[in-house]
Every structure is written in structure tokens, then in C-alpha cells.
Amino acid sequence: MAPQNMMAQPPATLLPEDTEARKYLDDHSPEDTVRNYPWFCAAWARLAKNANEADEDVAAYAYARTGYHRGLDQLRRSGWKGHGPIPWDHKPNRGFLKSLYQLSRAAAAIGEADEAARCAQLLRDSDPAAADALT
């Protein structure tokens with residue numbers, strides 16, 4: 001029998017719904033979305049993805065880092081203590097998780113291998129399903 005982890009795991013962190021910002025992003029560019037909803041991680045993640053795909057690694061890094069930090073602020077306000085699950089299946093969490101993934105990609109592209117690895121590990125630790133879906 002495999003040993004069980006007897007330490008209590010922190011509860012999953014669920015970011016608040018973001019219906020208005022999500023709808024805006026669906027109908028507008030990510031640039032316009034961050035002008036109107038600068039806290040909305042999904043728009044920053046989209047900007048980073050677009051920049052990564054255009055081989056604009058420095059811009060991708062800046063966009064992804066912004067989304068990541070905006071997400072950290074929101075996670076902390078939601079009770080996150082720096083560890084514990086951030087479920088991929090809770091759609092409002094996806095903007096942060098996508099920003100984290102894009103940050104890992106962009107960090108690798110600019111030669112920040114340690115940061116790329118840390119971000120990839122945090123993504124997997126947050127929710128393996130997120131890492132599987134994004135990589």
C-alpha cells in the first residue's frame with residue numbers, strides 16, 4: 001500500500017466570475033480589452049500568446065508577466081497563500097493559468113531557463129490538467 005499524505009491540503013482557489021470582461025474579449029481585441037479591463041488575465045495571456053506566435057519574445061514576456069502578476073493579486077485576494085490547487089476546470093482561473101504558461105514559454109525564449117522551469121512547475125502544481133491542456 002502506498003503511503004498517504006496525511007497533511008491537509010489547502011482548499012482550491014477559485015477566482016471570481018469575470019463574465020463582463022470575458023464577453024468584451026470575445027467581441028474586441030485583447031489590446032482594447034486590457035484598456036477597459038486591465039486586471040483581466042485572459043486578455044494579457046492572449047496578448048502574450050499572439051506575441052509568442054509572432055516571435056516577439058520580449059513583448060510576449062512583458063505581456064505574460066503582467067497577466068501573471070495581475071493573477072497573483074487576484075489569487076491572494078481570493079485566499080491563496082502561494083500554494084495549493086488552482087483548478088483549470090474553473091474558467092475564471094484560466095486567464096492566470098494561461099498567463100503562467102505563456103510566461104514559461106517567453107522566459108525560455110529569452111534564455112531564462114530557471115524561470116521557465118519554475119513557471120512550468122507552478123503550472124503543473126496548480127493543476128496538472130492545466131499543464132496537460134496547455135502543453
# chains A, B, ... in the order shown; residues from 1 in each chain; ligands from 1
>>> select_by_dssp(residues="chain A", states="helix (DSSP H, G or I)", output="VMD selection string")
chain A and resid 19 to 27 30 to 36 41 to 53 57 to 77 91 to 109 113 to 126 128 to 134
>>> write_last_selection(atoms="C-alpha atoms", output="tab-separated table (two decimals), in the first residue's frame")
chain	number	residue	atom	x	y	z
A	19	THR	CA	-18.45	37.44	-17.38
A	20	GLU	CA	-18.37	41.09	-18.47
A	21	ALA	CA	-14.63	41.09	-19.25
A	22	ARG	CA	-14.87	37.68	-20.95
A	23	LYS	CA	-17.69	38.91	-23.19
A	24	TYR	CA	-15.70	42.04	-24.01
A	25	LEU	CA	-12.67	39.95	-25.02
A	26	ASP	CA	-14.88	37.74	-27.18
A	27	ASP	CA	-16.05	40.81	-29.09
A	30	PRO	CA	-7.05	41.89	-26.43
A	31	GLU	CA	-5.49	45.38	-26.60
A	32	ASP	CA	-8.92	47.02	-26.27
A	33	THR	CA	-9.81	44.58	-23.53
A	34	VAL	CA	-6.81	45.46	-21.35
A	35	ARG	CA	-7.59	49.14	-21.87
A	36	ASN	CA	-11.03	48.54	-20.38
A	41	CYS	CA	-5.56	37.97	-17.08
A	42	ALA	CA	-7.09	36.23	-20.08
A	43	ALA	CA	-6.53	39.33	-22.24
A	44	TRP	CA	-2.89	39.56	-21.13
A	45	ALA	CA	-2.46	35.84	-21.84
A	46	ARG	CA	-3.92	36.33	-25.33
A	47	LEU	CA	-1.53	39.23	-25.99
A	48	ALA	CA	1.37	37.04	-24.83
A	49	LYS	CA	0.24	34.13	-26.99
A	50	ASN	CA	-0.06	36.36	-30.05
A	51	ALA	CA	3.38	37.83	-29.41
A	52	ASN	CA	4.91	34.37	-28.84
A	53	GLU	CA	3.42	33.17	-32.12
A	57	ASP	CA	9.69	37.14	-27.35
A	58	VAL	CA	10.36	40.31	-25.33
A	59	ALA	CA	6.81	41.59	-25.82
A	60	ALA	CA	5.44	38.13	-25.02
A	61	TYR	CA	7.44	38.09	-21.80
A	62	ALA	CA	6.15	41.52	-20.78
A	63	TYR	CA	2.52	40.66	-21.52
A	64	ALA	CA	2.73	37.29	-19.79
A	65	ARG	CA	4.45	38.75	-16.73
A	66	THR	CA	1.73	41.38	-16.45
A	67	GLY	CA	-1.01	38.75	-16.65
A	68	TYR	CA	0.82	36.59	-14.15
A	69	HIS	CA	1.17	39.41	-11.61
A	70	ARG	CA	-2.41	40.56	-12.09
A	71	GLY	CA	-3.44	36.97	-11.46
A	72	LEU	CA	-1.31	36.65	-8.34
A	73	ASP	CA	-3.01	39.74	-6.92
A	74	GLN	CA	-6.44	38.23	-7.61
A	75	LEU	CA	-5.46	34.84	-6.20
A	76	ARG	CA	-4.20	36.41	-2.98
A	77	ARG	CA	-7.43	38.41	-2.63
A	91	LYS	CA	-12.99	29.03	-16.12
A	92	PRO	CA	-12.10	32.30	-14.32
A	93	ASN	CA	-8.81	30.63	-13.24
A	94	ARG	CA	-7.79	30.02	-16.85
A	95	GLY	CA	-6.54	33.54	-17.55
A	96	PHE	CA	-3.97	33.23	-14.76
A	97	LEU	CA	-3.01	29.70	-15.76
A	98	LYS	CA	-2.65	30.70	-19.41
A	99	SER	CA	-0.54	33.71	-18.42
A	100	LEU	CA	1.66	31.41	-16.36
A	101	TYR	CA	2.07	29.05	-19.32
A	102	GLN	CA	2.88	31.91	-21.69
A	103	LEU	CA	5.38	33.28	-19.16
A	104	SER	CA	7.14	29.93	-19.10
A	105	ARG	CA	7.32	29.91	-22.92
A	106	ALA	CA	8.50	33.51	-23.15
A	107	ALA	CA	11.08	33.06	-20.38
A	108	ALA	CA	12.53	30.11	-22.28
A	109	ALA	CA	12.60	32.17	-25.48
A	113	ALA	CA	15.70	28.72	-18.29
A	114	ASP	CA	15.34	28.74	-14.49
A	115	GLU	CA	12.28	30.98	-14.62
A	116	ALA	CA	10.79	28.93	-17.44
A	117	ALA	CA	11.18	25.77	-15.35
A	118	ARG	CA	9.74	27.41	-12.20
A	119	CYS	CA	6.70	28.64	-14.13
A	120	ALA	CA	6.17	25.24	-15.75
A	121	GLN	CA	6.36	23.58	-12.32
A	122	LEU	CA	3.96	26.08	-10.75
A	123	LEU	CA	1.53	25.43	-13.59
A	124	ARG	CA	1.72	21.66	-13.02
A	125	ASP	CA	1.46	22.12	-9.24
A	126	SER	CA	-1.55	24.40	-9.65
A	128	PRO	CA	-1.89	19.05	-13.82
A	129	ALA	CA	-4.94	19.31	-16.09
A	130	ALA	CA	-3.93	22.89	-16.93
A	131	ALA	CA	-0.41	21.83	-17.82
A	132	ASP	CA	-1.75	18.97	-19.95
A	133	ALA	CA	-4.27	21.22	-21.72
A	134	LEU	CA	-1.76	23.96	-22.50
>>> atom_distance(atom1="CA of Ala54 in chain A", atom2="CA of Pro38 in chain A")
22.5 Å
>>> residues_around(residues="Ala12 in chain A", least_positions_apart="3", cutoff="9 Å", atoms="only C-alpha atoms", output="CSV table (one decimal) with C-alpha atoms, in the first residue's frame")
chain,number,residue,atom,x,y,z
A,9,GLN,CA,-4.1,20.3,1.5
A,80,TRP,CA,-4.5,31.8,-2.0
A,84,GLY,CA,-2.5,24.8,-3.5
A,85,PRO,CA,-4.8,23.9,-6.3
A,86,ILE,CA,-5.9,26.5,-8.9
A,87,PRO,CA,-8.4,24.3,-10.9
>>> decode(residues="range 13-128 of chain A", atoms="C-alpha atoms", output="PDB file, in the first residue's frame")
ATOM      1  CA  THR A  13      -8.686  28.738  -5.065  1.00  0.00           C
ATOM      2  CA  LEU A  14     -11.496  29.878  -7.319  1.00  0.00           C
ATOM      3  CA  LEU A  15     -11.245  33.330  -8.842  1.00  0.00           C
ATOM      4  CA  PRO A  16     -14.468  35.314  -9.133  1.00  0.00           C
ATOM      5  CA  GLU A  17     -16.546  35.147 -12.292  1.00  0.00           C
ATOM      6  CA  ASP A  18     -15.495  37.575 -15.000  1.00  0.00           C
ATOM      7  CA  THR A  19     -18.453  37.438 -17.377  1.00  0.00           C
ATOM      8  CA  GLU A  20     -18.365  41.087 -18.473  1.00  0.00           C
ATOM      9  CA  ALA A  21     -14.631  41.090 -19.251  1.00  0.00           C
ATOM     10  CA  ARG A  22     -14.870  37.683 -20.954  1.00  0.00           C
ATOM     11  CA  LYS A  23     -17.693  38.913 -23.191  1.00  0.00           C
ATOM     12  CA  TYR A  24     -15.699  42.036 -24.013  1.00  0.00           C
ATOM     13  CA  LEU A  25     -12.675  39.953 -25.021  1.00  0.00           C
ATOM     14  CA  ASP A  26     -14.878  37.737 -27.179  1.00  0.00           C
ATOM     15  CA  ASP A  27     -16.053  40.813 -29.094  1.00  0.00           C
ATOM     16  CA  HIS A  28     -12.921  43.007 -29.078  1.00  0.00           C
ATOM     17  CA  SER A  29      -9.160  42.820 -29.444  1.00  0.00           C
ATOM     18  CA  PRO A  30      -7.047  41.895 -26.431  1.00  0.00           C
ATOM     19  CA  GLU A  31      -5.493  45.385 -26.602  1.00  0.00           C
ATOM     20  CA  ASP A  32      -8.917  47.024 -26.273  1.00  0.00           C
ATOM     21  CA  THR A  33      -9.807  44.576 -23.533  1.00  0.00           C
ATOM     22  CA  VAL A  34      -6.805  45.464 -21.348  1.00  0.00           C
ATOM     23  CA  ARG A  35      -7.588  49.141 -21.868  1.00  0.00           C
ATOM     24  CA  ASN A  36     -11.028  48.540 -20.380  1.00  0.00           C
ATOM     25  CA  TYR A  37     -10.261  45.636 -18.022  1.00  0.00           C
ATOM     26  CA  PRO A  38      -6.563  45.920 -17.144  1.00  0.00           C
ATOM     27  CA  TRP A  39      -6.941  43.299 -14.397  1.00  0.00           C
ATOM     28  CA  PHE A  40      -8.272  40.648 -16.816  1.00  0.00           C
ATOM     29  CA  CYS A  41      -5.559  37.973 -17.081  1.00  0.00           C
ATOM     30  CA  ALA A  42      -7.091  36.233 -20.082  1.00  0.00           C
ATOM     31  CA  ALA A  43      -6.531  39.332 -22.235  1.00  0.00           C
ATOM     32  CA  TRP A  44      -2.885  39.559 -21.132  1.00  0.00           C
ATOM     33  CA  ALA A  45      -2.464  35.840 -21.841  1.00  0.00           C
ATOM     34  CA  ARG A  46      -3.924  36.328 -25.334  1.00  0.00           C
ATOM     35  CA  LEU A  47      -1.529  39.225 -25.989  1.00  0.00           C
ATOM     36  CA  ALA A  48       1.372  37.039 -24.832  1.00  0.00           C
ATOM     37  CA  LYS A  49       0.238  34.128 -26.992  1.00  0.00           C
ATOM     38  CA  ASN A  50      -0.063  36.361 -30.051  1.00  0.00           C
ATOM     39  CA  ALA A  51       3.385  37.826 -29.409  1.00  0.00           C
ATOM     40  CA  ASN A  52       4.911  34.370 -28.840  1.00  0.00           C
ATOM     41  CA  GLU A  53       3.419  33.172 -32.122  1.00  0.00           C
ATOM     42  CA  ALA A  54       4.860  36.246 -33.901  1.00  0.00           C
ATOM     43  CA  ASP A  55       8.343  35.525 -32.447  1.00  0.00           C
ATOM     44  CA  GLU A  56       8.155  38.738 -30.419  1.00  0.00           C
ATOM     45  CA  ASP A  57       9.692  37.138 -27.347  1.00  0.00           C
ATOM     46  CA  VAL A  58      10.356  40.309 -25.330  1.00  0.00           C
ATOM     47  CA  ALA A  59       6.805  41.593 -25.822  1.00  0.00           C
ATOM     48  CA  ALA A  60       5.439  38.128 -25.017  1.00  0.00           C
ATOM     49  CA  TYR A  61       7.437  38.091 -21.805  1.00  0.00           C
ATOM     50  CA  ALA A  62       6.146  41.521 -20.776  1.00  0.00           C
ATOM     51  CA  TYR A  63       2.517  40.656 -21.524  1.00  0.00           C
ATOM     52  CA  ALA A  64       2.730  37.289 -19.791  1.00  0.00           C
ATOM     53  CA  ARG A  65       4.449  38.752 -16.728  1.00  0.00           C
ATOM     54  CA  THR A  66       1.727  41.383 -16.454  1.00  0.00           C
ATOM     55  CA  GLY A  67      -1.013  38.745 -16.651  1.00  0.00           C
ATOM     56  CA  TYR A  68       0.824  36.589 -14.147  1.00  0.00           C
ATOM     57  CA  HIS A  69       1.170  39.407 -11.611  1.00  0.00           C
ATOM     58  CA  ARG A  70      -2.414  40.561 -12.090  1.00  0.00           C
ATOM     59  CA  GLY A  71      -3.443  36.969 -11.456  1.00  0.00           C
ATOM     60  CA  LEU A  72      -1.313  36.650  -8.341  1.00  0.00           C
ATOM     61  CA  ASP A  73      -3.012  39.744  -6.919  1.00  0.00           C
ATOM     62  CA  GLN A  74      -6.438  38.234  -7.607  1.00  0.00           C
ATOM     63  CA  LEU A  75      -5.463  34.840  -6.203  1.00  0.00           C
ATOM     64  CA  ARG A  76      -4.205  36.411  -2.983  1.00  0.00           C
ATOM     65  CA  ARG A  77      -7.430  38.413  -2.629  1.00  0.00           C
ATOM     66  CA  SER A  78      -9.258  35.094  -3.038  1.00  0.00           C
ATOM     67  CA  GLY A  79      -7.330  33.498  -0.160  1.00  0.00           C
ATOM     68  CA  TRP A  80      -4.457  31.789  -1.982  1.00  0.00           C
ATOM     69  CA  LYS A  81      -1.332  31.546   0.196  1.00  0.00           C
ATOM     70  CA  GLY A  82       1.204  30.805  -2.530  1.00  0.00           C
ATOM     71  CA  HIS A  83       0.419  27.115  -2.931  1.00  0.00           C
ATOM     72  CA  GLY A  84      -2.474  24.822  -3.454  1.00  0.00           C
ATOM     73  CA  PRO A  85      -4.782  23.949  -6.300  1.00  0.00           C
ATOM     74  CA  ILE A  86      -5.930  26.483  -8.873  1.00  0.00           C
ATOM     75  CA  PRO A  87      -8.355  24.328 -10.855  1.00  0.00           C
ATOM     76  CA  TRP A  88      -8.315  24.544 -14.644  1.00  0.00           C
ATOM     77  CA  ASP A  89     -11.962  23.492 -14.823  1.00  0.00           C
ATOM     78  CA  HIS A  90     -12.994  26.748 -13.078  1.00  0.00           C
ATOM     79  CA  LYS A  91     -12.993  29.027 -16.120  1.00  0.00           C
ATOM     80  CA  PRO A  92     -12.103  32.298 -14.317  1.00  0.00           C
ATOM     81  CA  ASN A  93      -8.807  30.633 -13.244  1.00  0.00           C
ATOM     82  CA  ARG A  94      -7.788  30.015 -16.848  1.00  0.00           C
ATOM     83  CA  GLY A  95      -6.539  33.539 -17.546  1.00  0.00           C
ATOM     84  CA  PHE A  96      -3.972  33.226 -14.764  1.00  0.00           C
ATOM     85  CA  LEU A  97      -3.011  29.696 -15.762  1.00  0.00           C
ATOM     86  CA  LYS A  98      -2.647  30.696 -19.414  1.00  0.00           C
ATOM     87  CA  SER A  99      -0.540  33.712 -18.420  1.00  0.00           C
ATOM     88  CA  LEU A 100       1.660  31.407 -16.364  1.00  0.00           C
ATOM     89  CA  TYR A 101       2.071  29.051 -19.320  1.00  0.00           C
ATOM     90  CA  GLN A 102       2.884  31.914 -21.690  1.00  0.00           C
ATOM     91  CA  LEU A 103       5.376  33.280 -19.159  1.00  0.00           C
ATOM     92  CA  SER A 104       7.142  29.928 -19.105  1.00  0.00           C
ATOM     93  CA  ARG A 105       7.316  29.905 -22.918  1.00  0.00           C
ATOM     94  CA  ALA A 106       8.503  33.506 -23.153  1.00  0.00           C
ATOM     95  CA  ALA A 107      11.078  33.064 -20.382  1.00  0.00           C
ATOM     96  CA  ALA A 108      12.530  30.113 -22.282  1.00  0.00           C
ATOM     97  CA  ALA A 109      12.596  32.172 -25.479  1.00  0.00           C
ATOM     98  CA  ILE A 110      14.673  34.929 -23.856  1.00  0.00           C
ATOM     99  CA  GLY A 111      17.068  32.489 -22.201  1.00  0.00           C
ATOM    100  CA  GLU A 112      15.616  32.489 -18.666  1.00  0.00           C
ATOM    101  CA  ALA A 113      15.700  28.717 -18.286  1.00  0.00           C
ATOM    102  CA  ASP A 114      15.343  28.738 -14.486  1.00  0.00           C
ATOM    103  CA  GLU A 115      12.283  30.977 -14.615  1.00  0.00           C
ATOM    104  CA  ALA A 116      10.787  28.926 -17.440  1.00  0.00           C
ATOM    105  CA  ALA A 117      11.184  25.774 -15.346  1.00  0.00           C
ATOM    106  CA  ARG A 118       9.744  27.411 -12.200  1.00  0.00           C
ATOM    107  CA  CYS A 119       6.703  28.636 -14.126  1.00  0.00           C
ATOM    108  CA  ALA A 120       6.173  25.236 -15.752  1.00  0.00           C
ATOM    109  CA  GLN A 121       6.362  23.576 -12.325  1.00  0.00           C
ATOM    110  CA  LEU A 122       3.963  26.084 -10.751  1.00  0.00           C
ATOM    111  CA  LEU A 123       1.527  25.431 -13.593  1.00  0.00           C
ATOM    112  CA  ARG A 124       1.724  21.665 -13.021  1.00  0.00           C
ATOM    113  CA  ASP A 125       1.461  22.120  -9.237  1.00  0.00           C
ATOM    114  CA  SER A 126      -1.552  24.399  -9.653  1.00  0.00           C
ATOM    115  CA  ASP A 127      -3.422  21.825 -11.704  1.00  0.00           C
ATOM    116  CA  PRO A 128      -1.890  19.047 -13.816  1.00  0.00           C
TER     117      PRO A 128
END
